[in-house]
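Listing of run_15.txt; format and content: compact mmCIF, C-alpha atoms.
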```txt
# COMPACT_ATOMS: atom_id res chain seq x y z
CA MET S 1 5.05 45.98 -22.68
CA GLY S 2 7.76 43.74 -21.29
CA GLU S 3 10.97 42.81 -23.09
CA LEU S 4 10.49 41.11 -26.45
CA PRO S 5 12.15 37.67 -26.33
CA ARG S 6 14.28 36.43 -29.20
CA GLU S 7 12.50 33.07 -29.39
CA ALA S 8 9.56 31.16 -27.95
CA SER S 9 8.21 27.64 -28.10
CA VAL S 10 4.72 29.02 -28.84
CA VAL S 11 3.79 32.48 -30.12
CA ILE S 12 0.09 33.37 -29.85
CA ILE S 13 -1.12 36.23 -32.01
CA GLY S 14 -4.11 37.99 -30.43
CA GLY S 15 -4.85 38.94 -26.84
CA GLY S 16 -8.59 38.40 -26.73
CA VAL S 17 -10.26 35.70 -24.69
CA VAL S 18 -9.26 32.88 -27.05
CA GLY S 19 -5.62 33.95 -27.00
CA VAL S 20 -5.36 34.31 -23.23
CA SER S 21 -7.22 31.01 -22.73
CA ALA S 22 -4.68 29.31 -24.99
CA ALA S 23 -1.80 30.96 -23.11
CA PHE S 24 -3.18 29.76 -19.77
CA HIS S 25 -3.83 26.18 -20.89
CA LEU S 26 -0.43 25.86 -22.53
CA ALA S 27 1.43 27.30 -19.55
CA GLU S 28 -0.59 25.17 -17.13
CA ALA S 29 0.45 22.09 -19.12
CA GLY S 30 4.10 22.99 -18.59
CA VAL S 31 4.84 24.47 -22.00
CA SER S 32 7.75 26.81 -21.50
CA ASP S 33 8.34 30.06 -23.36
CA VAL S 34 4.72 30.83 -24.26
CA VAL S 35 4.53 34.36 -25.67
CA LEU S 36 1.32 36.18 -26.53
CA LEU S 37 1.38 39.29 -28.72
CA GLU S 38 -1.40 41.87 -28.64
CA ARG S 39 -1.14 45.11 -30.59
CA ALA S 40 -3.33 47.09 -28.17
CA GLU S 41 -4.57 45.99 -24.73
CA LEU S 42 -5.76 42.54 -23.72
CA GLY S 43 -9.40 42.04 -24.66
CA SER S 44 -9.59 45.35 -26.49
CA GLY S 45 -10.60 43.87 -29.85
CA SER S 46 -13.93 42.07 -29.76
CA THR S 47 -13.91 40.30 -26.40
CA CYS S 48 -14.62 43.19 -24.05
CA LYS S 49 -17.35 44.49 -26.36
CA ALA S 50 -19.22 41.18 -26.25
CA ALA S 51 -22.62 40.70 -24.63
CA GLY S 52 -21.19 38.01 -22.33
CA GLY S 53 -23.67 35.23 -23.07
CA VAL S 54 -22.60 31.65 -22.35
CA ARG S 55 -24.53 28.65 -23.62
CA ALA S 56 -24.52 25.13 -25.01
CA GLN S 57 -27.74 25.48 -27.04
CA PHE S 58 -26.49 24.92 -30.59
CA SER S 59 -27.55 22.87 -33.59
CA ASP S 60 -24.09 21.44 -34.34
CA GLU S 61 -22.63 18.68 -32.16
CA VAL S 62 -19.14 20.19 -32.06
CA ASN S 63 -20.53 23.55 -30.95
CA ILE S 64 -22.67 21.87 -28.28
CA ARG S 65 -19.63 20.07 -26.89
CA LEU S 66 -17.48 23.22 -26.95
CA GLY S 67 -20.24 25.22 -25.26
CA ALA S 68 -20.95 22.63 -22.57
CA ARG S 69 -17.25 22.15 -21.77
CA SER S 70 -16.84 25.91 -21.48
CA LEU S 71 -19.89 26.24 -19.23
CA ASP S 72 -18.24 23.77 -16.84
CA ALA S 73 -15.07 25.85 -16.91
CA PHE S 74 -16.95 29.10 -16.27
CA ALA S 75 -18.68 27.48 -13.29
CA ARG S 76 -15.28 26.66 -11.74
CA PHE S 77 -13.53 29.85 -12.82
CA GLY S 78 -13.22 31.18 -9.27
CA THR S 79 -10.97 28.22 -8.47
CA ARG S 80 -9.31 27.62 -11.82
CA PRO S 81 -7.75 29.89 -12.94
CA GLY S 82 -9.03 31.92 -9.97
CA GLN S 83 -11.15 34.97 -10.76
CA GLU S 84 -14.69 36.15 -10.00
CA ILE S 85 -16.51 36.55 -13.34
CA ASP S 86 -20.04 37.46 -12.14
CA LEU S 87 -21.54 34.32 -13.66
CA HIS S 88 -25.35 34.27 -13.72
CA ARG S 89 -26.73 30.88 -14.76
CA VAL S 90 -30.21 32.19 -15.45
CA GLY S 91 -30.69 30.27 -18.69
CA TYR S 92 -31.13 31.09 -22.36
CA LEU S 93 -34.64 31.42 -23.74
CA PHE S 94 -35.20 31.35 -27.52
CA LEU S 95 -38.63 32.66 -28.54
CA LEU S 96 -39.84 31.09 -31.81
CA THR S 97 -42.55 32.55 -34.03
CA ASP S 98 -42.08 30.26 -37.05
CA GLU S 99 -43.34 26.66 -37.09
CA ASP S 100 -40.33 25.47 -39.09
CA ASP S 101 -37.94 27.07 -36.59
CA ALA S 102 -39.83 25.44 -33.74
CA ALA S 103 -39.56 22.02 -35.40
CA ALA S 104 -35.83 22.52 -35.97
CA PHE S 105 -35.24 23.61 -32.36
CA GLU S 106 -37.13 20.55 -31.16
CA ARG S 107 -34.76 18.31 -33.14
CA HIS S 108 -31.79 20.21 -31.77
CA VAL S 109 -33.04 19.81 -28.20
CA VAL S 110 -33.03 16.04 -28.71
CA LEU S 111 -29.39 16.22 -29.80
CA GLN S 112 -28.48 18.54 -26.92
CA ASN S 113 -30.13 16.22 -24.40
CA ARG S 114 -28.24 13.24 -25.83
CA LEU S 115 -25.03 15.18 -25.20
CA GLY S 116 -25.99 16.02 -21.61
CA VAL S 117 -27.42 19.53 -22.04
CA PRO S 118 -30.66 19.93 -20.00
CA SER S 119 -32.49 22.04 -22.60
CA ARG S 120 -36.21 21.66 -23.23
CA MET S 121 -39.03 23.02 -25.33
CA VAL S 122 -41.60 25.12 -23.49
CA ASP S 123 -44.95 26.61 -24.46
CA PRO S 124 -45.53 30.37 -24.86
CA ARG S 125 -47.19 30.69 -21.49
CA THR S 126 -44.17 29.15 -19.75
CA ALA S 127 -41.87 31.36 -21.80
CA ARG S 128 -43.62 34.47 -20.51
CA ARG S 129 -43.40 33.20 -16.95
CA LEU S 130 -39.65 32.73 -17.39
CA SER S 131 -39.20 36.16 -19.04
CA PRO S 132 -42.07 38.40 -17.86
CA LEU S 133 -41.03 41.38 -19.98
CA VAL S 134 -42.03 39.73 -23.27
CA GLU S 135 -45.29 39.46 -25.18
CA VAL S 136 -45.93 36.02 -26.62
CA ASP S 137 -49.15 36.36 -28.66
CA ASP S 138 -47.34 35.29 -31.85
CA VAL S 139 -44.88 32.87 -30.22
CA VAL S 140 -45.52 29.24 -31.20
CA ALA S 141 -42.89 27.66 -28.93
CA ALA S 142 -39.67 28.40 -27.07
CA ALA S 143 -36.46 26.59 -26.16
CA PHE S 144 -34.92 26.98 -22.72
CA SER S 145 -31.78 25.66 -21.05
CA PRO S 146 -31.30 26.53 -17.37
CA ASP S 147 -27.52 25.98 -17.32
CA ASP S 148 -26.82 28.80 -19.77
CA GLY S 149 -26.47 32.45 -18.77
CA HIS S 150 -23.99 35.32 -18.92
CA CYS S 151 -20.85 36.63 -17.24
CA THR S 152 -18.32 39.46 -17.57
CA PRO S 153 -15.88 39.16 -20.51
CA GLU S 154 -13.32 41.55 -19.02
CA SER S 155 -13.07 39.43 -15.88
CA VAL S 156 -12.56 36.24 -17.89
CA VAL S 157 -9.69 37.85 -19.81
CA LEU S 158 -8.17 39.13 -16.57
CA GLY S 159 -8.43 35.72 -14.90
CA TYR S 160 -6.72 33.86 -17.71
CA ALA S 161 -4.08 36.56 -18.19
CA VAL S 162 -3.06 36.75 -14.53
CA ALA S 163 -2.91 32.96 -14.21
CA ALA S 164 -0.97 32.56 -17.46
CA ARG S 165 1.62 35.07 -16.32
CA ARG S 166 1.83 33.42 -12.92
CA LEU S 167 2.61 30.14 -14.71
CA GLY S 168 5.39 31.73 -16.75
CA ALA S 169 3.74 32.86 -19.97
CA ARG S 170 4.68 36.30 -21.31
CA LEU S 171 1.76 38.42 -22.51
CA LEU S 172 3.05 41.44 -24.40
CA THR S 173 0.70 44.30 -25.26
CA GLY S 174 1.45 47.19 -27.59
CA THR S 175 3.14 44.78 -30.00
CA SER S 176 1.93 44.51 -33.60
CA VAL S 177 2.62 41.53 -35.87
CA LEU S 178 3.84 42.73 -39.27
CA GLY S 179 4.41 39.39 -40.97
CA LEU S 180 5.55 35.79 -40.73
CA ARG S 181 8.70 34.29 -42.21
CA VAL S 182 7.92 30.86 -43.63
CA VAL S 183 10.74 28.49 -44.54
CA GLY S 184 9.75 25.23 -46.18
CA ASP S 185 6.89 23.71 -44.19
CA GLU S 186 7.23 25.87 -41.08
CA VAL S 187 6.74 29.38 -39.80
CA ARG S 188 10.19 30.15 -38.47
CA THR S 189 9.86 33.77 -37.39
CA VAL S 190 7.14 36.17 -36.28
CA LEU S 191 7.99 39.69 -37.42
CA THR S 192 6.78 42.47 -35.10
CA ASP S 193 7.16 46.22 -34.87
CA ARG S 194 9.55 45.57 -32.00
CA GLY S 195 11.69 43.00 -33.76
CA PRO S 196 11.58 39.32 -34.78
CA ILE S 197 10.77 36.28 -32.64
CA ARG S 198 11.75 32.76 -33.63
CA ALA S 199 8.82 30.45 -33.01
CA GLY S 200 8.35 26.73 -32.59
CA THR S 201 4.56 26.99 -33.05
CA VAL S 202 2.44 29.97 -34.10
CA VAL S 203 -1.20 30.27 -33.02
CA CYS S 204 -3.52 32.71 -34.80
CA ALA S 205 -6.19 33.93 -32.39
CA ALA S 206 -6.56 37.35 -33.96
CA GLY S 207 -10.34 37.38 -34.30
CA ALA S 208 -11.64 39.75 -36.97
CA TRP S 209 -8.05 40.49 -38.02
CA SER S 210 -7.18 36.82 -38.66
CA ARG S 211 -7.43 36.81 -42.46
CA GLU S 212 -4.34 39.02 -42.72
CA ILE S 213 -2.39 36.86 -40.28
CA GLY S 214 -3.36 33.74 -42.21
CA ALA S 215 -2.28 35.36 -45.46
CA HIS S 216 1.20 35.96 -44.01
CA ALA S 217 1.42 32.19 -43.51
CA GLY S 218 -0.14 31.35 -46.86
CA VAL S 219 -3.27 30.00 -45.13
CA ASP S 220 -6.75 31.10 -46.22
CA LEU S 221 -8.81 32.01 -43.14
CA PRO S 222 -12.16 33.17 -44.60
CA VAL S 223 -13.09 35.61 -41.85
CA THR S 224 -15.15 38.73 -42.53
CA PRO S 225 -15.50 41.50 -39.89
CA VAL S 226 -19.06 42.74 -39.31
CA ARG S 227 -20.05 45.45 -36.83
CA ARG S 228 -22.48 44.50 -34.06
CA GLN S 229 -23.84 47.06 -31.61
CA VAL S 230 -25.30 46.85 -28.13
CA LEU S 231 -26.63 49.27 -25.57
CA VAL S 232 -27.26 49.28 -21.86
CA THR S 233 -30.38 50.87 -20.43
CA ALA S 234 -30.71 53.08 -17.42
CA PRO S 235 -32.05 51.33 -14.28
CA ILE S 236 -35.49 49.77 -14.79
CA PRO S 237 -37.76 49.43 -11.75
CA ASP S 238 -38.97 45.98 -10.68
CA LEU S 239 -36.79 43.90 -13.00
CA PRO S 240 -37.08 40.17 -12.29
CA GLY S 241 -34.02 38.90 -10.48
CA ALA S 242 -33.48 35.70 -12.48
CA LEU S 243 -34.26 37.01 -15.94
CA PRO S 244 -32.85 34.67 -18.61
CA MET S 245 -30.93 35.77 -21.66
CA THR S 246 -33.98 36.19 -23.90
CA ILE S 247 -33.71 35.99 -27.70
CA ASP S 248 -36.48 36.79 -30.16
CA PHE S 249 -35.10 34.36 -32.73
CA GLY S 250 -36.98 35.72 -35.73
CA THR S 251 -35.53 39.23 -35.34
CA SER S 252 -32.37 38.37 -33.33
CA PHE S 253 -33.37 40.96 -30.68
CA TYR S 254 -32.01 39.87 -27.30
CA PHE S 255 -31.58 41.16 -23.77
CA HIS S 256 -30.25 40.19 -20.37
CA ARG S 257 -29.84 41.92 -17.03
CA GLU S 258 -26.90 44.25 -16.64
CA GLY S 259 -26.85 45.60 -13.10
CA ARG S 260 -30.19 47.36 -12.49
CA GLY S 261 -30.83 47.72 -16.21
CA LEU S 262 -30.66 45.59 -19.34
CA LEU S 263 -28.14 44.96 -22.06
CA LEU S 264 -29.89 44.96 -25.47
CA GLY S 265 -28.67 43.94 -28.90
CA MET S 266 -29.59 42.52 -32.28
CA SER S 267 -28.09 41.94 -35.70
CA ASP S 268 -28.38 44.41 -38.56
CA PRO S 269 -28.73 42.72 -41.98
CA THR S 270 -27.98 46.03 -43.72
CA GLN S 271 -24.59 46.39 -42.04
CA GLU S 272 -21.77 46.54 -44.58
CA PRO S 273 -18.84 44.24 -43.74
CA GLY S 274 -15.63 45.89 -42.66
CA PHE S 275 -13.78 47.31 -39.68
CA HIS S 276 -16.52 49.73 -38.64
CA LEU S 277 -15.73 50.31 -34.98
CA THR S 278 -17.65 53.50 -34.26
CA TYR S 279 -21.03 53.29 -32.54
CA SER S 280 -23.86 54.63 -34.72
CA PRO S 281 -27.54 55.21 -33.89
CA ASP S 282 -28.59 54.04 -37.37
CA TRP S 283 -29.61 50.63 -36.03
CA LEU S 284 -31.98 52.01 -33.38
CA PRO S 285 -35.17 52.21 -35.53
CA ARG S 286 -34.95 48.49 -36.27
CA LEU S 287 -34.22 47.76 -32.61
CA THR S 288 -37.18 49.78 -31.39
CA ASP S 289 -39.47 48.07 -33.93
CA ALA S 290 -38.46 44.70 -32.50
CA MET S 291 -38.87 45.96 -28.95
CA ALA S 292 -42.34 47.31 -29.73
CA ARG S 293 -43.46 43.88 -30.87
CA ARG S 294 -41.70 41.72 -28.31
CA ALA S 295 -41.07 43.80 -25.17
CA PRO S 296 -42.94 47.13 -25.43
CA ARG S 297 -42.30 48.04 -21.81
CA LEU S 298 -38.63 48.53 -22.71
CA LEU S 299 -39.46 51.42 -25.01
CA ASP S 300 -39.73 53.63 -21.93
CA ALA S 301 -36.28 52.66 -20.64
CA GLY S 302 -33.62 55.33 -20.88
CA VAL S 303 -30.35 54.57 -22.64
CA HIS S 304 -27.29 54.63 -20.43
CA ARG S 305 -24.58 53.87 -23.03
CA GLY S 306 -23.90 51.96 -26.23
CA TRP S 307 -20.91 50.59 -28.09
CA ALA S 308 -19.84 48.76 -31.22
CA GLY S 309 -17.76 45.63 -31.63
CA LEU S 310 -16.92 43.16 -34.36
CA TYR S 311 -18.12 39.67 -35.16
CA GLU S 312 -15.62 37.66 -37.21
CA VAL S 313 -17.95 35.78 -39.53
CA THR S 314 -17.31 32.69 -41.64
CA PRO S 315 -19.54 31.49 -44.52
CA ASP S 316 -21.26 28.84 -42.37
CA HIS S 317 -21.15 30.72 -39.02
CA ASN S 318 -18.90 28.05 -37.55
CA ALA S 319 -15.43 28.64 -36.16
CA LEU S 320 -12.12 27.87 -37.81
CA ILE S 321 -10.09 25.67 -35.46
CA GLY S 322 -7.20 23.42 -36.37
CA ARG S 323 -3.69 22.97 -37.69
CA ALA S 324 -2.78 24.11 -41.18
CA ASP S 325 -1.67 21.47 -43.65
CA SER S 326 1.20 23.80 -44.41
CA PRO S 327 2.91 25.45 -42.60
CA SER S 328 2.44 22.51 -40.26
CA ASN S 329 3.33 24.50 -37.14
CA PHE S 330 0.59 27.10 -37.75
CA LEU S 331 -2.51 26.65 -35.55
CA TYR S 332 -5.63 28.81 -35.71
CA ALA S 333 -8.78 29.46 -33.69
CA THR S 334 -10.91 32.23 -35.12
CA GLY S 335 -14.08 32.97 -37.09
CA PHE S 336 -16.44 32.19 -34.21
CA SER S 337 -19.25 34.32 -35.65
CA GLY S 338 -20.27 35.60 -32.21
CA HIS S 339 -19.52 32.42 -30.22
CA GLY S 340 -15.86 32.99 -29.42
CA PHE S 341 -16.28 34.28 -25.89
CA LEU S 342 -18.55 31.47 -24.79
CA GLN S 343 -16.39 28.74 -26.37
CA ALA S 344 -12.99 30.14 -25.35
CA PRO S 345 -12.28 27.92 -22.32
CA ALA S 346 -12.79 24.74 -24.34
CA VAL S 347 -10.94 26.13 -27.36
CA GLY S 348 -7.92 26.89 -25.17
CA GLU S 349 -7.86 23.22 -24.21
CA VAL S 350 -8.09 22.17 -27.86
CA LEU S 351 -5.20 24.43 -28.90
CA ARG S 352 -3.09 23.09 -26.04
CA ASP S 353 -3.72 19.52 -27.15
CA LEU S 354 -3.09 20.24 -30.83
CA HIS S 355 0.27 21.75 -29.91
CA LEU S 356 1.20 18.83 -27.66
CA GLY S 357 0.07 16.18 -30.12
CA ARG S 358 -2.73 14.98 -27.85
CA THR S 359 -6.23 14.00 -28.94
CA PRO S 360 -8.61 16.85 -27.93
CA PHE S 361 -11.79 16.07 -26.01
CA VAL S 362 -13.78 16.85 -29.19
CA ASP S 363 -12.88 16.23 -32.80
CA VAL S 364 -12.50 19.66 -34.38
CA THR S 365 -11.69 18.31 -37.84
CA PRO S 366 -15.09 19.57 -39.13
CA LEU S 367 -13.95 23.10 -38.22
CA SER S 368 -10.83 22.98 -40.37
CA ALA S 369 -10.39 26.03 -42.59
CA GLY S 370 -9.99 23.63 -45.49
CA ARG S 371 -13.70 22.75 -45.40
CA PHE S 372 -14.42 25.64 -47.73
CA ALA S 373 -12.15 24.23 -50.44
CA GLY S 374 -13.37 21.74 -53.02
CA ASP S 375 -16.41 19.61 -52.29
CA ALA S 376 -16.09 19.37 -48.50
CA PRO S 377 -19.50 19.40 -46.75
CA ILE S 378 -20.51 22.66 -45.07
CA ARG S 379 -22.22 22.39 -41.66
CA PRO S 380 -24.06 25.66 -41.01
CA GLU S 381 -24.82 26.56 -37.39
CA ALA S 382 -28.53 27.37 -37.05
CA HIS S 383 -28.55 28.94 -33.57
CA ILE S 384 -26.93 32.23 -34.52
CA VAL S 385 -27.83 35.58 -32.96
```
In structure tokens, how does this file's structure come out?
Amino acid sequence: MGELPREASVVIIGGGVVGVSAAFHLAEAGVSDVVLLERAELGSGSTCKAAGGVRAQFSDEVNIRLGARSLDAFARFGTRPGQEIDLHRVGYLFLLTDEDDAAAFERHVVLQNRLGVPSRMVDPRTARRLSPLVEVDDVVAAAFSPDDGHCTPESVVLGYAVAARRLGARLLTGTSVLGLRVVGDEVRTVLTDRGPIRAGTVVCAAGAWSREIGAHAGVDLPVTPVRRQVLVTAPIPDLPGALPMTIDFGTSFYFHREGRGLLLGMSDPTQEPGFHLTYSPDWLPRLTDAMARRAPRLLDAGVHRGWAGLYEVTPDHNALIGRADSPSNFLYATGFSGHGFLQAPAVGEVLRDLHLGRTPFVDVTPLSAGRFAGDAPIRPEAHIV
């Protein structure tokens, strides 16, 4: 666990990838007394149950910029912070069976290209050449970006955590936050099951558990936990080596290579919100229906293992990133709706700059939690899986 300090310049709540990225970027910038609190083990919440996809193919400009910046960081991860993350830049391929979806993706590709993302629309025949396991009889178009791909979430957490500690940050596991003591316009103290810590700045990076942390500060963080499940197949003979992350957009069924097999997943619209953390086979009939239509060869693949994790979902499927109006020393980065792992490197930079009073590389004002109050415009993200 490490000794609990009496005070810290920054206290980060949550030891997933966003929290450890923030700890690394703050410590690298010379911020002293950075303390991260995680109630279990680092990455044990949602991060290490993620599918590991990394991409910049989004419909919203802020998400595109966060994704692209993070892709650059993942590409250099072996040098900074210094960790092998098994990055495979095999691309993301969205298969589209609806003409309206295809038209929307075409508009989004124009925006992505303007922002430097080399995505493109491809025809069904090209899509099948890129991802030979799929059937494309009903596919009207596809969107592909070669710079996207996937890597190992556990390794990303490890890389940031080791580097943050090397730079002087203290990452304390087995430490639960019980409350926050707010005095006037500031959070003065973080209350834990091991005692209090006086804090200069508090950062909420608690993922699906962020609503409770926000409530302690008097800040509404509209995050709802929703179970998502994935499975890994047994080895499959003759898998293509450079198989892209392939998404059947209409059903949300997706897969990518995982060793000699595949990692498979999809959303479940019947899933009740809540902290349902146990894997259940109830979703398998819907998964096999999607597989039968899109990749029937996979029906013969044996299942090696499966697990459940949590998305932290906001009403518009966009993250909550920013500084609270009050308490003014309360920062938050949560509600990524499935995009937290892939955006974490860039979000760590943003949190660093918000703490230091710098202008971040991207304006995250549209991601303020206050956008859901009053008549503020809502900007839904369309590229959700």
> For Val140 (chain S), which residue among S:Thr288, S:Gln83, S:Thr126, S:Gln343 is the nearest when counting all atoms listed in the file?
Replying inline: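 Ranked by minimum distance to Val140 (chain S), first place goes to S:Thr126.
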List every residue of region 278-305 of chain S that has an atom at most 9 Å from any atom of region 251-262 of chain S, and for each one report the closest atom pair and its distance in Å to one decimal, counting all atoms listed in the file, with rows sorted by chain and then by increasing residue number, as a tab-separated table.
```
residue	atom	partner	partner_atom	distance
S:Leu287	CA	S:Phe253	CA	7.1
S:Ala290	CA	S:Phe253	CA	6.6
S:Met291	CA	S:Phe253	CA	7.6
S:Arg294	CA	S:Phe253	CA	8.7
S:Ala301	CA	S:Gly261	CA	8.6
S:His304	CA	S:Gly261	CA	8.8
```
>> Can you tell me which residues surround region 9-19 of chain S at a distance of at most 6 Å, considering all atoms listed in the file, apart from same-chain residues fewer than 2 positions away, and format the answer as a list in words?
In response: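 Answer for this query is Ser21, Ala22, Asp33, Val34, Val35, Leu36, Leu37, Glu38, Leu42, Gly43, Thr47, Val157, Ala199, Gly200, Thr201, Val202, Val203, Cys204, Ala205, Ala206 and Ala344 of chain S.
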Write a file of the just-selected residues containing C-alpha atoms, as a PDB file, keeping the file's coordinate frame.
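Below is the file out-v1.pdb, written as the result:
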```pdb
ATOM      1  CA  SER S  21      -7.220  31.010 -22.730  1.00  0.00           C
ATOM      2  CA  ALA S  22      -4.680  29.310 -24.990  1.00  0.00           C
ATOM      3  CA  ASP S  33       8.340  30.060 -23.360  1.00  0.00           C
ATOM      4  CA  VAL S  34       4.720  30.830 -24.260  1.00  0.00           C
ATOM      5  CA  VAL S  35       4.530  34.360 -25.670  1.00  0.00           C
ATOM      6  CA  LEU S  36       1.320  36.180 -26.530  1.00  0.00           C
ATOM      7  CA  LEU S  37       1.380  39.290 -28.720  1.00  0.00           C
ATOM      8  CA  GLU S  38      -1.400  41.870 -28.640  1.00  0.00           C
ATOM      9  CA  LEU S  42      -5.760  42.540 -23.720  1.00  0.00           C
ATOM     10  CA  GLY S  43      -9.400  42.040 -24.660  1.00  0.00           C
ATOM     11  CA  THR S  47     -13.910  40.300 -26.400  1.00  0.00           C
ATOM     12  CA  VAL S 157      -9.690  37.850 -19.810  1.00  0.00           C
ATOM     13  CA  ALA S 199       8.820  30.450 -33.010  1.00  0.00           C
ATOM     14  CA  GLY S 200       8.350  26.730 -32.590  1.00  0.00           C
ATOM     15  CA  THR S 201       4.560  26.990 -33.050  1.00  0.00           C
ATOM     16  CA  VAL S 202       2.440  29.970 -34.100  1.00  0.00           C
ATOM     17  CA  VAL S 203      -1.200  30.270 -33.020  1.00  0.00           C
ATOM     18  CA  CYS S 204      -3.520  32.710 -34.800  1.00  0.00           C
ATOM     19  CA  ALA S 205      -6.190  33.930 -32.390  1.00  0.00           C
ATOM     20  CA  ALA S 206      -6.560  37.350 -33.960  1.00  0.00           C
ATOM     21  CA  ALA S 344     -12.990  30.140 -25.350  1.00  0.00           C
TER      22      ALA S 344
END
```
>> Can you measure CA of Glu61 (chain S) to CA of Gly45 (chain S) for me? One decimal in Å is fine.
In response: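 Separation between CA of Glu61 (chain S) and CA of Gly45 (chain S): 28.0 Å.
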>> Give me, as an MDAnalysis selection string, all polymer residues having an atom no more than 9 Å from Glu106 (chain S), counting only C-alpha atoms and skipping those fewer than 4 positions away in the same chain.
In response: chainID S and resid 101:102 110:111 120:121 143
With a cut-off of 9 Å, could you pull out the residues of region 200-265 of chain S touching region 87-90 of chain S and give me the nearest pair of atoms for each, distance in Å to one decimal, using all atoms listed in the file, ordered by chain and ascending number, as CSV?
```
residue,atom,partner,partner_atom,distance
S:Ala242,CA,S:Val90,CA,5.6
S:Leu243,CA,S:Val90,CA,6.3
S:Pro244,CA,S:Val90,CA,4.8
S:Met245,CA,S:Val90,CA,7.2
```
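Between CA of Leu310 (chain S) and CA of Gly52 (chain S) lies a distance of 13.8 Å.
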> So which one's closest to Pro118 (chain S), S:Gln57, S:Thr314, S:Thr359, S:Gln271? Using all atoms listed in the file, please.
Replying inline: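 Closest candidate: S:Gln57.
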What would region 292-297 of chain S look like with all heavy atoms restored, written as a short mmCIF file (atom, residue, chain, number, x, y, z; two decimals), keeping the file's coordinate frame?
```cif
data_model
loop_
_atom_site.label_atom_id
_atom_site.label_comp_id
_atom_site.auth_asym_id
_atom_site.auth_seq_id
_atom_site.Cartn_x
_atom_site.Cartn_y
_atom_site.Cartn_z
N ALA S 292 -40.91 47.00 -29.78
CA ALA S 292 -42.34 47.31 -29.73
C ALA S 292 -43.19 46.06 -29.88
O ALA S 292 -44.26 45.95 -29.28
CB ALA S 292 -42.68 48.32 -30.82
N ARG S 293 -42.71 45.12 -30.67
CA ARG S 293 -43.46 43.88 -30.87
C ARG S 293 -43.25 42.89 -29.73
O ARG S 293 -44.18 42.20 -29.33
CB ARG S 293 -43.06 43.23 -32.19
CG ARG S 293 -43.52 43.98 -33.43
CD ARG S 293 -43.36 43.15 -34.69
NE ARG S 293 -41.98 42.74 -34.91
CZ ARG S 293 -41.09 43.47 -35.58
NH1 ARG S 293 -41.45 44.66 -36.07
NH2 ARG S 293 -39.86 43.04 -35.76
N ARG S 294 -42.01 42.81 -29.24
CA ARG S 294 -41.70 41.72 -28.31
C ARG S 294 -41.67 42.16 -26.85
O ARG S 294 -42.07 41.39 -25.97
CB ARG S 294 -40.34 41.12 -28.70
CG ARG S 294 -39.94 39.90 -27.89
CD ARG S 294 -40.96 38.78 -28.04
NE ARG S 294 -41.12 38.41 -29.45
CZ ARG S 294 -42.27 38.04 -29.99
NH1 ARG S 294 -43.38 38.03 -29.25
NH2 ARG S 294 -42.35 37.73 -31.27
N ALA S 295 -41.19 43.36 -26.56
CA ALA S 295 -41.07 43.80 -25.17
C ALA S 295 -41.36 45.29 -25.08
O ALA S 295 -40.47 46.11 -24.82
CB ALA S 295 -39.67 43.49 -24.64
N PRO S 296 -42.61 45.70 -25.33
CA PRO S 296 -42.94 47.13 -25.43
C PRO S 296 -42.63 47.94 -24.18
O PRO S 296 -42.40 49.14 -24.27
CB PRO S 296 -44.43 47.12 -25.75
CG PRO S 296 -44.93 45.77 -25.36
CD PRO S 296 -43.78 44.83 -25.56
N ARG S 297 -42.62 47.30 -23.03
CA ARG S 297 -42.30 48.04 -21.81
C ARG S 297 -40.90 48.66 -21.88
O ARG S 297 -40.65 49.72 -21.27
CB ARG S 297 -42.39 47.10 -20.60
CG ARG S 297 -42.01 47.74 -19.28
CD ARG S 297 -42.05 46.75 -18.14
NE ARG S 297 -41.35 47.27 -16.97
CZ ARG S 297 -41.07 46.57 -15.90
NH1 ARG S 297 -41.43 45.30 -15.83
NH2 ARG S 297 -40.43 47.11 -14.88
#
```
